[in-house]
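A.B. asks: Here you go, this is model37.cif (mmCIF, C-alpha atoms and all ligand atoms).
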data_model
loop_
_atom_site.label_atom_id
_atom_site.label_comp_id
_atom_site.auth_asym_id
_atom_site.auth_seq_id
_atom_site.Cartn_x
_atom_site.Cartn_y
_atom_site.Cartn_z
CA MET C 1 9.84 -86.64 -32.67
CA ARG C 2 7.08 -86.54 -35.28
CA SER C 3 6.55 -83.40 -37.33
CA ARG C 4 3.49 -81.36 -36.40
CA ASP C 5 1.72 -82.48 -39.60
CA ALA C 6 2.48 -86.16 -38.93
CA LYS C 7 1.08 -85.79 -35.40
CA ILE C 8 -2.09 -84.19 -36.75
CA GLU C 9 -2.55 -87.03 -39.27
CA LEU C 10 -2.03 -89.60 -36.51
CA LEU C 11 -4.64 -87.87 -34.33
CA ARG C 12 -7.10 -87.77 -37.21
CA SER C 13 -6.91 -91.57 -37.49
CA VAL C 14 -8.19 -92.04 -33.91
CA ALA C 15 -11.99 -92.53 -33.81
CA LEU C 16 -12.44 -90.18 -30.83
CA PHE C 17 -10.98 -87.36 -32.94
CA GLY C 18 -12.56 -88.37 -36.25
CA ARG C 19 -14.95 -85.42 -36.34
CA CYS C 20 -12.39 -82.76 -35.52
CA THR C 21 -11.54 -80.04 -38.01
CA ARG C 22 -7.88 -79.55 -38.91
CA LYS C 23 -7.80 -76.50 -36.67
CA GLU C 24 -9.15 -78.53 -33.75
CA LEU C 25 -6.59 -81.26 -34.39
CA ALA C 26 -3.83 -78.66 -34.33
CA ARG C 27 -5.18 -77.41 -30.99
CA LEU C 28 -5.30 -80.97 -29.68
CA ALA C 29 -1.71 -81.53 -30.80
CA ALA C 30 -0.68 -78.44 -28.84
CA LEU C 31 -2.54 -79.56 -25.69
CA SER C 32 -1.12 -83.10 -25.62
CA ASP C 33 2.14 -85.02 -25.42
CA GLU C 34 2.91 -88.28 -27.16
CA VAL C 35 4.51 -90.71 -24.71
CA GLU C 36 5.89 -94.25 -25.17
CA VAL C 37 5.67 -96.66 -22.25
CA PRO C 38 6.95 -100.24 -21.84
CA ALA C 39 4.74 -103.26 -21.02
CA GLY C 40 4.08 -103.36 -17.27
CA LYS C 41 3.97 -99.61 -16.79
CA VAL C 42 1.15 -98.54 -14.43
CA MET C 43 -0.58 -95.38 -15.67
CA THR C 44 -3.30 -95.09 -13.00
CA ARG C 45 -3.43 -96.83 -9.62
CA GLU C 46 -6.81 -97.58 -8.00
CA GLY C 47 -7.47 -95.37 -4.96
CA GLU C 48 -4.67 -92.90 -5.69
CA PRO C 49 -5.04 -89.36 -6.96
CA GLY C 50 -4.25 -88.66 -10.59
CA ARG C 51 -4.00 -85.63 -12.81
CA GLU C 52 -3.69 -86.97 -16.35
CA PHE C 53 -5.95 -88.11 -19.15
CA PHE C 54 -4.79 -90.72 -21.68
CA VAL C 55 -5.74 -91.80 -25.20
CA ILE C 56 -4.24 -95.03 -26.59
CA LEU C 57 -2.51 -94.50 -29.95
CA GLU C 58 -0.89 -97.95 -30.00
CA GLY C 59 -0.88 -101.00 -27.75
CA ARG C 60 -3.10 -102.59 -25.14
CA ALA C 61 -3.86 -101.93 -21.47
CA LYS C 62 -5.48 -103.93 -18.69
CA VAL C 63 -8.04 -102.22 -16.43
CA SER C 64 -8.40 -103.86 -13.02
CA ARG C 65 -10.24 -103.27 -9.80
CA ARG C 66 -9.25 -105.03 -6.57
CA GLY C 67 -6.83 -107.13 -8.58
CA ARG C 68 -9.41 -108.39 -11.08
CA ARG C 69 -9.54 -107.47 -14.77
CA ILE C 70 -12.66 -105.49 -15.62
CA ALA C 71 -11.71 -104.38 -19.13
CA THR C 72 -9.06 -104.38 -21.83
CA LEU C 73 -8.42 -101.14 -23.69
CA GLU C 74 -6.90 -100.87 -27.16
CA ARG C 75 -6.01 -98.31 -29.81
CA GLY C 76 -8.50 -95.44 -29.82
CA ALA C 77 -9.73 -96.02 -26.26
CA PHE C 78 -9.26 -93.41 -23.55
CA PHE C 79 -8.89 -93.59 -19.77
CA GLY C 80 -8.19 -91.44 -16.73
CA GLU C 81 -11.14 -89.10 -17.26
CA MET C 82 -13.07 -90.08 -14.11
CA ALA C 83 -10.65 -88.82 -11.46
CA LEU C 84 -10.31 -85.55 -13.39
CA LEU C 85 -14.04 -85.05 -13.79
CA ASP C 86 -15.03 -85.63 -10.14
CA GLN C 87 -11.65 -84.95 -8.53
CA GLY C 88 -11.91 -88.28 -6.73
CA PRO C 89 -9.32 -91.06 -6.56
CA ARG C 90 -8.57 -93.32 -9.56
CA SER C 91 -11.42 -95.84 -9.89
CA ALA C 92 -9.20 -98.60 -11.32
CA THR C 93 -5.61 -99.56 -12.06
CA VAL C 94 -4.63 -99.26 -15.72
CA GLU C 95 -1.44 -101.06 -16.73
CA ALA C 96 0.28 -101.48 -20.12
CA GLU C 97 0.10 -105.07 -21.42
CA SER C 98 2.31 -104.31 -24.39
CA PRO C 99 4.61 -101.43 -25.29
CA MET C 100 2.23 -98.49 -25.79
CA THR C 101 2.08 -95.08 -27.41
CA LEU C 102 -0.16 -92.77 -25.45
CA LEU C 103 -1.48 -89.27 -25.90
CA VAL C 104 -1.31 -87.63 -22.49
CA LEU C 105 -3.07 -84.46 -21.35
CA SER C 106 -2.64 -82.72 -17.99
CA ASP C 107 -5.88 -82.04 -16.06
CA ARG C 108 -5.71 -78.43 -17.10
CA ASN C 109 -5.34 -79.29 -20.79
CA PHE C 110 -8.05 -81.96 -20.46
CA PHE C 111 -10.51 -79.26 -19.35
CA ALA C 112 -9.40 -77.00 -22.19
CA LEU C 113 -10.14 -79.89 -24.58
CA VAL C 114 -13.58 -80.46 -22.97
CA GLU C 115 -14.44 -76.80 -23.42
CA GLU C 116 -12.99 -76.23 -26.87
CA LEU C 117 -13.56 -79.49 -28.82
CA PRO C 118 -17.26 -80.41 -28.54
CA SER C 119 -17.06 -83.50 -30.77
CA VAL C 120 -14.38 -84.98 -28.51
CA THR C 121 -16.37 -84.10 -25.38
CA ARG C 122 -19.35 -85.90 -26.87
CA GLY C 123 -17.17 -88.96 -27.54
CA ILE C 124 -15.91 -88.96 -23.95
CA LEU C 125 -19.50 -88.69 -22.63
CA ARG C 126 -20.55 -91.52 -24.90
CA GLY C 127 -17.67 -93.66 -23.58
CA LEU C 128 -18.74 -92.92 -20.01
CA ALA C 129 -22.33 -93.91 -20.79
CA VAL C 130 -21.16 -97.22 -22.30
CA ARG C 131 -19.02 -97.96 -19.23
CA LEU C 132 -21.93 -97.11 -16.90
CA ARG C 133 -24.26 -99.39 -18.83
CA ASP C 134 -21.71 -102.25 -18.75
CA HIS C 135 -21.24 -101.70 -15.04
CA GLU C 136 -25.00 -101.84 -14.40
CA LYS C 137 -25.31 -105.02 -16.47
CA THR C 138 -22.65 -106.66 -14.33
CA HIS C 139 -24.03 -105.45 -11.01
CA THR C 140 -27.83 -105.60 -11.35
CA HIS C 141 -29.45 -108.92 -10.60
P1 LIG N 201 -9.93 -92.93 -13.56
O1 LIG N 201 -10.83 -93.33 -12.45
O2 LIG N 201 -9.44 -91.54 -13.59
O3 LIG N 201 -8.66 -93.91 -13.59
C1 LIG N 201 -8.89 -95.29 -13.92
C2 LIG N 201 -9.57 -95.34 -15.25
O4 LIG N 201 -9.96 -96.62 -15.69
C3 LIG N 201 -10.91 -94.58 -15.19
O5 LIG N 201 -10.67 -93.22 -14.95
C4 LIG N 201 -11.51 -94.99 -16.51
O6 LIG N 201 -10.97 -94.22 -17.54
C5 LIG N 201 -11.02 -96.44 -16.63
N1 LIG N 201 -12.10 -97.36 -16.27
C6 LIG N 201 -12.73 -97.47 -15.09
N2 LIG N 201 -13.69 -98.40 -15.14
C7 LIG N 201 -13.68 -98.89 -16.39
C8 LIG N 201 -14.45 -99.89 -17.08
N3 LIG N 201 -15.41 -100.57 -16.48
N4 LIG N 201 -14.17 -100.09 -18.38
C9 LIG N 201 -13.19 -99.43 -18.99
N5 LIG N 201 -12.43 -98.48 -18.40
C10 LIG N 201 -12.67 -98.21 -17.12
#
As structure tokens, what does this structure read like?
C.D. replies:
Amino acid sequence: MRSRDAKIELLRSVALFGRCTRKELARLAALSDEVEVPAGKVMTREGEPGREFFVILEGRAKVSRRGRRIATLERGAFFGEMALLDQGPRSATVEAESPMTLLVLSDRNFFALVEELPSVTRGILRGLAVRLRDHEKTHTH
């Protein structure tokens, strides 16, 4: 396992956490687990419930809906926020395309993060807006 300081330095290097103070990074480190997964591991399955939020520290994931790729996510990207925010089913399947290192937060710790780390919340909202815009571009004729 990494030392607490090494984990904080790793978190600092992720764009989503780039504006966090050291104290906030320490809080984030306490709220999250670092998890390694092999290629092929399915983290979210479209239509199923889910109670975790993920940030990619290393590796690449495929996002698909009805069996078709809609996005590729790499280091610094996050996923799994939608089912937590609206308590609905997972909107897409997210599967590891390489061995990955993920930061994982339970739904409870995700909401603690949203309430306590405003710069991260803003980054998550921005990411949602970008996804919504992309979605509209693809689906408006
Ligand atoms: P959630 O619905 O909880 O689980 C699947 C996740 O895939 C979803 O949250 C988003 O984080 C992610 N996702 C869904 N649609 C897209 C998209 N168009 N681009 C990138 N990521 C997406």
A.B. asks: Can you build me a table of chain C residues sitting at most 9 Å from ligand LIG 201 (chain N), with the closest atom pair per residue and its distance in Å to one decimal, using only C-alpha atoms and all ligand atoms, sorted by chain and residue number, as a Markdown table?
C.D. replies:
| residue | atom | partner | partner_atom | distance |
| --- | --- | --- | --- | --- |
| C:Met43 | CA | N:LIG201 | O3 | 8.5 |
| C:Thr44 | CA | N:LIG201 | O3 | 5.5 |
| C:Arg45 | CA | N:LIG201 | C1 | 7.1 |
| C:Glu46 | CA | N:LIG201 | C1 | 6.7 |
| C:Gly47 | CA | N:LIG201 | O1 | 8.5 |
| C:Glu48 | CA | N:LIG201 | O3 | 8.9 |
| C:Pro49 | CA | N:LIG201 | O2 | 8.3 |
| C:Gly50 | CA | N:LIG201 | O2 | 6.7 |
| C:Arg51 | CA | N:LIG201 | O2 | 8.1 |
| C:Glu52 | CA | N:LIG201 | O2 | 7.8 |
| C:Phe53 | CA | N:LIG201 | O2 | 7.4 |
| C:Phe54 | CA | N:LIG201 | O6 | 8.2 |
| C:Lys62 | CA | N:LIG201 | N5 | 8.8 |
| C:Val63 | CA | N:LIG201 | O4 | 6.0 |
| C:Ser64 | CA | N:LIG201 | O4 | 7.9 |
| C:Arg65 | CA | N:LIG201 | N2 | 8.0 |
| C:Ile70 | CA | N:LIG201 | N3 | 5.7 |
| C:Ala71 | CA | N:LIG201 | N4 | 5.0 |
| C:Thr72 | CA | N:LIG201 | C9 | 7.0 |
| C:Leu73 | CA | N:LIG201 | C9 | 6.9 |
| C:Ala77 | CA | N:LIG201 | N5 | 8.7 |
| C:Phe78 | CA | N:LIG201 | O6 | 6.3 |
| C:Phe79 | CA | N:LIG201 | O6 | 3.1 |
| C:Gly80 | CA | N:LIG201 | O2 | 3.4 |
| C:Glu81 | CA | N:LIG201 | O2 | 4.7 |
| C:Met82 | CA | N:LIG201 | O2 | 3.9 |
| C:Ala83 | CA | N:LIG201 | O2 | 3.7 |
| C:Leu84 | CA | N:LIG201 | O2 | 6.1 |
| C:Leu85 | CA | N:LIG201 | O2 | 8.0 |
| C:Asp86 | CA | N:LIG201 | O2 | 8.8 |
| C:Gln87 | CA | N:LIG201 | O2 | 8.6 |
| C:Gly88 | CA | N:LIG201 | O1 | 7.7 |
| C:Pro89 | CA | N:LIG201 | O1 | 6.5 |
| C:Arg90 | CA | N:LIG201 | O1 | 3.7 |
| C:Ser91 | CA | N:LIG201 | O1 | 3.6 |
| C:Ala92 | CA | N:LIG201 | C1 | 4.2 |
| C:Thr93 | CA | N:LIG201 | C1 | 5.7 |
| C:Val94 | CA | N:LIG201 | O4 | 5.9 |
| C:Gly127 | CA | N:LIG201 | C9 | 8.6 |
| C:Leu128 | CA | N:LIG201 | O6 | 8.3 |
| C:Val130 | CA | N:LIG201 | N4 | 8.5 |
| C:Arg131 | CA | N:LIG201 | N3 | 5.2 |
| C:Leu132 | CA | N:LIG201 | N3 | 7.4 |
| C:Asp134 | CA | N:LIG201 | N3 | 6.9 |
| C:His135 | CA | N:LIG201 | N3 | 6.1 |
A.B. asks: Calculated over all atoms listed in the file, which of the candidates C:Thr140, C:Ser13, C:Ser3, C:Ser32 has the smallest distance to Arg108 (chain C)?
C.D. replies: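 Of C:Thr140, C:Ser13, C:Ser3, C:Ser32, the one nearest Arg108 (chain C) is C:Ser32, counting all atoms listed in the file.
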A.B. asks: Quick one: pull the distance between CA of Arg75 (chain C) and CA of Glu24 (chain C), Å, one decimal.
C.D. replies: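 Value for the CA of Arg75 (chain C)-CA of Glu24 (chain C) distance: 20.4 Å.
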A.B. asks: For a test of reading the model, state the distance in Å between CA of Ala26 (chain C) and CA of Ile8 (chain C), rounded to one decimal.
C.D. replies: 6.3 Å
A.B. asks: What is the CA of Cys20 (chain C) to CA of Leu117 (chain C) distance in Å?
C.D. replies: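 Distance between the two atoms: 7.5 Å.
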A.B. asks: Need to verify the contact set: Ile56 (chain C), 10 Å, all atoms listed in the file, exclusion of same-chain residues closer than 3 positions in sequence. Can you return it as a count of residues only?
C.D. replies: 18
A.B. asks: Counting only C-alpha atoms, which of C:Val42, C:Leu31, C:Leu57, C:Leu125 gets nearest to Asp107 (chain C)?
C.D. replies: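 When distances to Asp107 (chain C) are compared using only C-alpha atoms, the smallest one comes from C:Leu31.
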A.B. asks: Rank nothing, just name the residue among C:Glu115, C:Glu136, C:Glu58, C:Glu9 nearest to Pro99 (chain C), using all atoms listed in the file.
C.D. replies: C:Glu58
A.B. asks: Select, from C:Ala39, C:Ala6, C:Leu28, C:Leu11, the residue with the minimum atom-to-atom distance to Glu95 (chain C), counting all atoms listed in the file.
C.D. replies: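 Of the candidates, the smallest distance to Glu95 (chain C) is held by C:Ala39.
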A.B. asks: Could you tell me which of C:His139, C:Arg68, C:Lys41, C:Lys7 comes closest to Glu97 (chain C) if we count all atoms listed in the file?
C.D. replies: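 Among the listed residues, C:Lys41 lies closest to Glu97 (chain C).
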